[in-house]
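*Asks:* A single structure is presented below for examination.
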Protein chains: 2
Amino acid sequence: MAGVNESNSDSVVGSDVLSLESIRESLIRQEDTIVFSLIERSQFPLNALAFEDSGNSSSLTEFFVREIEFLQAKVGRYENPEENPFFLDNIPHPVFPTHKYPTVLHPKALFVNINKRIWDVYFKELLPLFVKPGDDGNYPSTAASDLACLQALSRRIHYGKFVAEVKFRDAPQDYEPAIRAKDTEALMKLLTFEKVEEMVKKRVQKKAETFGQEVKCISSDSGDESEKKYKVDPLVVSRIYGEWLIPLTKLVEVEYLLRRLD
Amino acid sequence: MAGVNESNSDSVVGSDVLSLESIRESLIRQEDTIVFSLIERSQFPLNALAFEDSGNSSSLTEFFVREIEFLQAKVGRYENPEENPFFLDNIPHPVFPTHKYPTVLHPKALFVNINKRIWDVYFKELLPLFVKPGDDGNYPSTAASDLACLQALSRRIHYGKFVAEVKFRDAPQDYEPAIRAKDTEALMKLLTFEKVEEMVKKRVQKKAETFGQEVKCISSDSGDESEKKYKVDPLVVSRIYGEWLIPLTKLVEVEYLLRRLD
């Protein structure tokens with residue numbers, strides 16, 4: 001049969017060759033997933049009662065995400081080094097045969113996980129930017145939408161490990177002194193390319209405009225652009241990338257590199 | 001606090017007023033969700049080993065969906081009459097307080113559920129139309145994507161219950177004779193508006209073009225349209241609506257109406 005084991009073009013870990021080009025392609029494709037997930041979540045108001053801590057017991061959303069992660073681990077999700085759980089300390093053994101992913105990351109740096117921070121940032125800072133305030137009681141659908149956003153954001157941010165690995169391999173001599181000196185600031189400087197970041201921010205803004213528009217049967221291109229309504233404000237999506245996603249990705253890169261020579 | 005219990009504009013069951021207009025709006029919004037979910041699934045090849053029956057034991061995908069549905073029931077998903085499970089015969093009691101959804105559907109017709117058929121149609125007929133053949137081993141992500149598609153399609157198709165209810169309420173005298181005679185064909189005729197169906201097919205084609213395009217930083221509107229590449233073939237999406245989603249929705253409408261006078 002044709003196509004068996006053909007590599008998944010969206011996945012860098014599907015191929016043995018780790019290249020900046022394949023990582024870049026995946027990050028660009030992941031932008032679509034992130035924008036889709038934000039648009040989907042914006043159908044529901046904030047619904048804070050679903051995720052706010054209520055003293056000792058965990059919130060509905062936390063319960064839901066914990067249980068889903070356990071279940072996803074059982075079908076092998078976390079065998080994939082692109083995926084990082086929010087809550088699982090011990091990942092249960094998969095009950096189905098799993099795919100053997102090639103080892104591309106440095107074993108001692110592989111386990112960098114900033115999902116606790118991503119969880120807090122998402123609920124406290126990002127969510128109020130792109131959903132209406134209020135409560136419609138529709139918590140099960142809201143929690144499912146939050147999970148989709150959280151997993152898409154986490155995947156993107158932890159891709160920093162692959163970015164760091166390939167940058168390190170390309171020029172170890174540039175990184176080694178800063179790693180040995182644990183010089184976080186120097187590492188951050190080596191990893192920052194402002195022009196690229198500006199391009200990403202512009203592109204995701206365009207994606208939010210394109211994917212979040214009202215599509216009609218008959219196009220009405222005559223109407224002025226300023227009147228256009230979007231499901232999620234494109235400038236907010238650009239800001240989410242510029243103020244949170246890109247800096248958190250670089251944080252993962254730095255954390256990974258600090259362990260790269262261990 | 002402002003906005004508490006404000007109604008969710010995407011949900012007909014969020015308001016006591018059931019109108020064809022609000023149902024229409026929801027169905028149009030659901031098109032976006034469906035197109036997003038097909039585009040997301042198209043990242044992975046068919047991966048048939050994940051969902052094919054292997055004798056006695058259930059497939060990875062079936063295991064996954066069964067367990068997720070059980071978990072979603074525990075957070076109250078199926079209290080919402082818009083949601084219908086694929087596998088749950090007995091819906092477990094929610095462990096969190098649930099939202100009280102207004103009763104809009106006829107109690108004896110409420111439980112129409114054609115998810116078994118939707119499952120078969122999805123895996124045997126639809127999936128091969130819009131994903132590449134082959135196997136990349138990435139089953140956990142594939143199963144999560146299949147679940148998103150299945151739930152979006154099921155929600156859309158079972159919206160037929162609301163469509164049927166509002167149409168019946170608007171003109172019970174038109175429907176009652178056919179219902180009493182169990183005249184499926186006459187009911188199907190009453191429920192068919194070819195012009196509307198053609199418009200829906202055109203609109204979802206346009207949505208697949210819009211949401212499945214490659215968005216670049218600098219727009220290249222100069223390129224000829226014929227060269228455009230889409231993540232999912234827009235004509236396939238139109239066909240999925242015309243040949244499966246719309247007929248299955250009408251099937252739900254008929255099944256619902258047949259029980260409407262019980």
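To be explicit about the labels: the chains of the structure tokens are called A, B, and onward in the order shown, and within each one the residues are counted from 1, while ligands get numbers from 1 in the order they are shown.
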Please identify all polymer residues within 12 Å of range 169-171 of chain A, counting only C-alpha atoms, omitting same-chain residues fewer than 2 positions from it, and present them as a list in words.
*Replies:*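 Counting only the stated atoms, we get Leu18, Ser19, Leu20, Val104, Leu105, His106, Phe162, Val163, Ala164, Glu165, Val166, Lys167, Gln173, Asp174, Tyr175, Glu176, Pro177, Leu190, Leu191, Leu257, Arg260 and Leu261 of chain A.
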*Asks:* Applying 9 Å and only C-alpha atoms, which residues near range 73-78 of chain B remain after dropping the ones on its own chain fewer than 5 positions away? List them as a JSON list (two decimals) with C-alpha atoms, in the first residue's frame.
*Replies:*
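What follows is the written file out.json:
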```
[["chain", "number", "residue", "atom", "x", "y", "z"],
["A", 60, "LEU", "CA", -14.27, 21.62, 36.76],
["A", 61, "THR", "CA", -11.70, 22.58, 34.12],
["A", 63, "PHE", "CA", -10.58, 18.03, 36.85],
["A", 64, "PHE", "CA", -11.39, 17.71, 33.16],
["A", 138, "ASN", "CA", -22.02, 26.14, 29.31],
["A", 139, "TYR", "CA", -19.01, 24.82, 31.24],
["A", 140, "PRO", "CA", -18.48, 21.42, 29.58],
["A", 141, "SER", "CA", -18.06, 22.97, 26.12],
["B", 68, "ILE", "CA", -13.74, 10.75, 26.74],
["B", 83, "GLU", "CA", -24.98, 17.09, 22.52],
["B", 84, "ASN", "CA", -25.49, 13.40, 21.79],
["B", 85, "PRO", "CA", -23.07, 10.65, 22.82],
["B", 88, "LEU", "CA", -22.94, 5.98, 26.29],
["B", 91, "ILE", "CA", -25.13, 8.59, 30.99],
["B", 92, "PRO", "CA", -23.24, 8.83, 34.30],
["B", 93, "HIS", "CA", -24.31, 11.45, 36.78],
["B", 94, "PRO", "CA", -22.38, 14.73, 36.58],
["B", 95, "VAL", "CA", -20.00, 15.31, 39.51],
["B", 96, "PHE", "CA", -20.23, 19.10, 39.19],
["B", 97, "PRO", "CA", -23.34, 21.31, 39.44],
["B", 98, "THR", "CA", -24.90, 21.58, 36.00],
["B", 99, "HIS", "CA", -26.62, 24.28, 34.04]]
```
*Asks:* Residues of range 47-260 of chain A in strand (DSSP E or B) according to DSSP, as a list in words?
*Replies:*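 Everything in range 47-260 of chain A that counts as strand (DSSP E or B) is Ser54, Ser57, Asp135, Gln213 and Tyr230 of chain A.
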*Asks:* Could those selected residues go to a file with all heavy atoms, as a PDB file, in the first residue's frame?
*Replies:*
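In the end it all went to out.pdb:
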```pdb
ATOM      1  N   SER A  54     -11.758  26.900  43.869  1.00  0.00           N
ATOM      2  CA  SER A  54     -12.784  27.111  44.892  1.00  0.00           C
ATOM      3  C   SER A  54     -12.324  26.434  46.175  1.00  0.00           C
ATOM      4  O   SER A  54     -12.888  25.444  46.602  1.00  0.00           O
ATOM      5  CB  SER A  54     -14.114  26.534  44.413  1.00  0.00           C
ATOM      6  OG  SER A  54     -13.940  25.164  44.114  1.00  0.00           O
ATOM      7  N   SER A  57     -11.154  21.960  46.650  1.00  0.00           N
ATOM      8  CA  SER A  57     -11.464  21.078  45.533  1.00  0.00           C
ATOM      9  C   SER A  57     -11.024  21.714  44.218  1.00  0.00           C
ATOM     10  O   SER A  57     -11.012  22.934  44.070  1.00  0.00           O
ATOM     11  CB  SER A  57     -12.960  20.791  45.502  1.00  0.00           C
ATOM     12  OG  SER A  57     -13.666  21.999  45.330  1.00  0.00           O
ATOM     13  N   ASP A 135     -21.143  34.795  31.994  1.00  0.00           N
ATOM     14  CA  ASP A 135     -21.297  33.386  32.342  1.00  0.00           C
ATOM     15  C   ASP A 135     -22.577  32.864  31.713  1.00  0.00           C
ATOM     16  O   ASP A 135     -23.650  33.394  31.944  1.00  0.00           O
ATOM     17  CB  ASP A 135     -21.371  33.258  33.874  1.00  0.00           C
ATOM     18  CG  ASP A 135     -21.213  31.834  34.341  1.00  0.00           C
ATOM     19  OD1 ASP A 135     -21.946  30.955  33.831  1.00  0.00           O
ATOM     20  OD2 ASP A 135     -20.368  31.581  35.214  1.00  0.00           O
ATOM     21  N   GLN A 213     -13.169  35.968   9.958  1.00  0.00           N
ATOM     22  CA  GLN A 213     -14.145  36.818   9.270  1.00  0.00           C
ATOM     23  C   GLN A 213     -15.455  36.057   9.052  1.00  0.00           C
ATOM     24  O   GLN A 213     -15.504  34.833   9.151  1.00  0.00           O
ATOM     25  CB  GLN A 213     -13.588  37.274   7.924  1.00  0.00           C
ATOM     26  CG  GLN A 213     -13.393  36.127   6.930  1.00  0.00           C
ATOM     27  CD  GLN A 213     -12.757  36.567   5.620  1.00  0.00           C
ATOM     28  OE1 GLN A 213     -13.315  37.382   4.895  1.00  0.00           O
ATOM     29  NE2 GLN A 213     -11.590  36.040   5.333  1.00  0.00           N
ATOM     30  N   TYR A 230     -14.531  40.809  13.240  1.00  0.00           N
ATOM     31  CA  TYR A 230     -13.800  39.558  13.372  1.00  0.00           C
ATOM     32  C   TYR A 230     -14.210  38.845  14.653  1.00  0.00           C
ATOM     33  O   TYR A 230     -14.544  39.479  15.641  1.00  0.00           O
ATOM     34  CB  TYR A 230     -12.300  39.835  13.385  1.00  0.00           C
ATOM     35  CG  TYR A 230     -11.815  40.550  12.146  1.00  0.00           C
ATOM     36  CD1 TYR A 230     -11.417  41.880  12.203  1.00  0.00           C
ATOM     37  CD2 TYR A 230     -11.775  39.886  10.921  1.00  0.00           C
ATOM     38  CE1 TYR A 230     -10.986  42.545  11.061  1.00  0.00           C
ATOM     39  CE2 TYR A 230     -11.348  40.543   9.773  1.00  0.00           C
ATOM     40  CZ  TYR A 230     -10.957  41.869   9.851  1.00  0.00           C
ATOM     41  OH  TYR A 230     -10.542  42.527   8.725  1.00  0.00           O
TER      42      TYR A 230
END
```
*Asks:* Hey, what's within 9 Å of Ile118 in chain B if we count only C-alpha atoms and toss same-chain stuff fewer than 3 positions away? As a list of chain:residue names, please?
*Replies:*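 Those residues are B:Phe86, B:Ile114, B:Asn115, B:Val121, B:Tyr122, B:Phe123, B:Leu150, B:Leu153, B:Ser154, B:Ile157, B:Leu248.
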*Asks:* What does the file look like for those residues with N, CA, C and O atoms, as an mmCIF file, in the first residue's frame?
*Replies:*
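Heads up, here's the output in out17.cif:
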```cif
data_model
loop_
_atom_site.group_PDB
_atom_site.id
_atom_site.type_symbol
_atom_site.label_atom_id
_atom_site.label_comp_id
_atom_site.auth_asym_id
_atom_site.auth_seq_id
_atom_site.Cartn_x
_atom_site.Cartn_y
_atom_site.Cartn_z
ATOM 1 N N PHE B 86 -21.850 9.107 21.388
ATOM 2 C CA PHE B 86 -21.705 8.023 20.417
ATOM 3 C C PHE B 86 -21.878 6.653 21.078
ATOM 4 O O PHE B 86 -22.405 5.735 20.482
ATOM 5 N N ILE B 114 -28.530 9.254 15.888
ATOM 6 C CA ILE B 114 -28.044 8.448 14.758
ATOM 7 C C ILE B 114 -26.508 8.423 14.712
ATOM 8 O O ILE B 114 -25.896 8.294 13.653
ATOM 9 N N ASN B 115 -25.890 8.516 15.892
ATOM 10 C CA ASN B 115 -24.431 8.573 15.923
ATOM 11 C C ASN B 115 -23.750 7.301 15.418
ATOM 12 O O ASN B 115 -22.625 7.354 14.932
ATOM 13 N N VAL B 121 -20.297 6.395 8.618
ATOM 14 C CA VAL B 121 -20.157 7.285 7.465
ATOM 15 C C VAL B 121 -18.827 8.037 7.538
ATOM 16 O O VAL B 121 -18.089 8.135 6.551
ATOM 17 N N TYR B 122 -18.510 8.534 8.713
ATOM 18 C CA TYR B 122 -17.287 9.325 8.875
ATOM 19 C C TYR B 122 -16.035 8.523 8.517
ATOM 20 O O TYR B 122 -15.213 8.950 7.698
ATOM 21 N N PHE B 123 -15.905 7.346 9.130
ATOM 22 C CA PHE B 123 -14.663 6.592 8.914
ATOM 23 C C PHE B 123 -14.610 5.904 7.548
ATOM 24 O O PHE B 123 -13.557 5.788 6.946
ATOM 25 N N LEU B 150 -15.958 14.299 14.681
ATOM 26 C CA LEU B 150 -17.184 13.543 14.967
ATOM 27 C C LEU B 150 -18.159 14.356 15.808
ATOM 28 O O LEU B 150 -19.362 14.375 15.531
ATOM 29 N N LEU B 153 -19.667 17.188 13.650
ATOM 30 C CA LEU B 153 -20.645 16.681 12.681
ATOM 31 C C LEU B 153 -21.918 16.217 13.386
ATOM 32 O O LEU B 153 -23.037 16.496 12.944
ATOM 33 N N SER B 154 -21.747 15.508 14.503
ATOM 34 C CA SER B 154 -22.903 14.994 15.242
ATOM 35 C C SER B 154 -23.781 16.131 15.762
ATOM 36 O O SER B 154 -25.008 16.074 15.694
ATOM 37 N N ILE B 157 -25.709 17.593 12.766
ATOM 38 C CA ILE B 157 -26.750 16.703 12.254
ATOM 39 C C ILE B 157 -27.919 16.610 13.246
ATOM 40 O O ILE B 157 -29.085 16.656 12.844
ATOM 41 N N LEU B 248 -28.409 13.648 6.291
ATOM 42 C CA LEU B 248 -28.488 13.066 7.636
ATOM 43 C C LEU B 248 -29.234 13.996 8.596
ATOM 44 O O LEU B 248 -29.951 13.534 9.487
#
```
*Asks:* When distances are computed from only C-alpha atoms, which of B:Asp136, B:Glu62, B:Glu125, B:Asp120 shows the smallest separation from chain A?
*Replies:* B:Asp136
*Asks:* Could you check the closest approach to chain A for each of B:Leu245, B:Val112, B:Ile179, B:Leu71 and tell me which residue wins, using only C-alpha atoms?
*Replies:* B:Leu71
*Asks:* Would you please give, as an MDAnalysis selection string, all residues of range 13-119 of chain A that DSSP assigns to helix (DSSP H, G or I) based on the backbone?
*Replies:* chainID A and resid 13:14 20:41 48:50 60:74 77:79 115:119
*Asks:* I'd like the interatomic distance between CA of Phe70 in chain B and CA of Arg155 in chain B, to a tenth of an Å.
*Replies:*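 That distance, rounded to one decimal, is 17.2 Å.
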*Asks:* Give me, as a VMD selection string, all polymer residues having an atom no more than 12 Å from Thr33 in chain A, counting only C-alpha atoms and skipping those fewer than 4 positions away in the same chain.
*Replies:* (chain A and resid 10 26 to 29 37 to 40 148 to 156 204 207 to 208 211) or (chain B and resid 36 to 43 145 211 to 212)
*Asks:* Would you write out those residues with N, CA and C atoms, as a compact mmCIF listing (two decimals), in the first residue's frame?
*Replies:*
```txt
# COMPACT_ATOMS: atom_id res chain seq x y z
N ASP A 10 3.70 17.86 8.92
CA ASP A 10 3.54 18.85 9.98
C ASP A 10 4.41 18.54 11.20
N SER A 26 6.52 23.80 10.71
CA SER A 26 5.58 23.32 11.72
C SER A 26 5.05 24.48 12.55
N LEU A 27 5.93 25.41 12.92
CA LEU A 27 5.48 26.55 13.74
C LEU A 27 4.46 27.39 12.97
N ILE A 28 4.67 27.54 11.67
CA ILE A 28 3.72 28.31 10.85
C ILE A 28 2.38 27.58 10.78
N ARG A 29 2.42 26.27 10.60
CA ARG A 29 1.16 25.50 10.56
C ARG A 29 0.45 25.55 11.92
N SER A 37 -8.28 27.68 17.44
CA SER A 37 -8.71 27.33 18.81
C SER A 37 -9.16 28.58 19.57
N LEU A 38 -8.50 29.72 19.33
CA LEU A 38 -8.94 30.96 20.00
C LEU A 38 -10.32 31.38 19.48
N ILE A 39 -10.52 31.26 18.17
CA ILE A 39 -11.81 31.61 17.58
C ILE A 39 -12.91 30.72 18.16
N GLU A 40 -12.63 29.43 18.28
CA GLU A 40 -13.63 28.51 18.82
C GLU A 40 -13.95 28.86 20.27
N ALA A 148 -8.36 22.65 24.22
CA ALA A 148 -7.82 22.76 22.86
C ALA A 148 -6.84 23.93 22.76
N CYS A 149 -7.20 25.06 23.36
CA CYS A 149 -6.30 26.23 23.35
C CYS A 149 -5.01 25.92 24.12
N LEU A 150 -5.17 25.38 25.32
CA LEU A 150 -4.00 25.12 26.17
C LEU A 150 -3.02 24.16 25.49
N GLN A 151 -3.56 23.11 24.88
CA GLN A 151 -2.67 22.13 24.24
C GLN A 151 -1.99 22.73 23.01
N ALA A 152 -2.71 23.56 22.27
CA ALA A 152 -2.10 24.20 21.08
C ALA A 152 -1.01 25.18 21.51
N LEU A 153 -1.28 25.97 22.55
CA LEU A 153 -0.29 26.93 23.02
C LEU A 153 0.93 26.22 23.61
N SER A 154 0.66 25.18 24.40
CA SER A 154 1.75 24.44 25.05
C SER A 154 2.65 23.78 24.01
N ARG A 155 2.03 23.22 22.98
CA ARG A 155 2.81 22.56 21.93
C ARG A 155 3.73 23.57 21.24
N ARG A 156 3.18 24.73 20.94
CA ARG A 156 3.94 25.78 20.27
C ARG A 156 5.11 26.25 21.13
N VAL A 204 0.30 36.31 12.07
CA VAL A 204 -0.82 35.80 12.87
C VAL A 204 -1.98 36.79 12.90
N LYS A 207 -3.77 36.06 9.83
CA LYS A 207 -4.51 34.80 9.97
C LYS A 207 -5.79 35.00 10.77
N ALA A 208 -5.72 35.82 11.82
CA ALA A 208 -6.92 36.09 12.62
C ALA A 208 -7.96 36.84 11.78
N PHE A 211 -9.25 33.96 9.13
CA PHE A 211 -10.01 32.83 9.68
C PHE A 211 -11.19 33.29 10.56
N PHE B 36 -13.00 24.03 10.26
CA PHE B 36 -11.76 24.02 11.06
C PHE B 36 -11.36 22.59 11.41
N SER B 37 -12.33 21.79 11.86
CA SER B 37 -11.99 20.45 12.35
C SER B 37 -11.53 19.55 11.20
N LEU B 38 -12.10 19.71 10.01
CA LEU B 38 -11.65 18.91 8.87
C LEU B 38 -10.22 19.32 8.47
N ILE B 39 -9.97 20.63 8.49
CA ILE B 39 -8.62 21.12 8.15
C ILE B 39 -7.60 20.57 9.15
N GLU B 40 -7.96 20.59 10.41
CA GLU B 40 -7.04 20.09 11.43
C GLU B 40 -6.77 18.60 11.23
N ARG B 41 -7.81 17.84 10.95
CA ARG B 41 -7.63 16.39 10.76
C ARG B 41 -6.78 16.08 9.54
N SER B 42 -6.86 16.96 8.53
CA SER B 42 -6.14 16.69 7.28
C SER B 42 -4.62 16.80 7.43
N GLN B 43 -4.16 17.24 8.59
CA GLN B 43 -2.71 17.23 8.84
C GLN B 43 -2.14 15.82 8.91
N SER B 145 -8.17 14.40 16.86
CA SER B 145 -8.72 15.15 15.73
C SER B 145 -10.02 14.51 15.23
N PHE B 211 -10.64 29.43 4.92
CA PHE B 211 -9.96 28.96 6.14
C PHE B 211 -8.81 27.99 5.83
N GLY B 212 -8.83 27.40 4.63
CA GLY B 212 -7.82 26.40 4.30
C GLY B 212 -6.71 26.93 3.40
```
*Asks:* State, in Å with one decimal place, the distance from CA of Ile240 in chain A to CA of Val35 in chain A.
*Replies:* 10.7 Å
*Asks:* CA of Leu251 in chain A and CA of Ala109 in chain A are how many Å apart?
*Replies:*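 Calculated distance between CA of Leu251 in chain A and CA of Ala109 in chain A is 13.2 Å.
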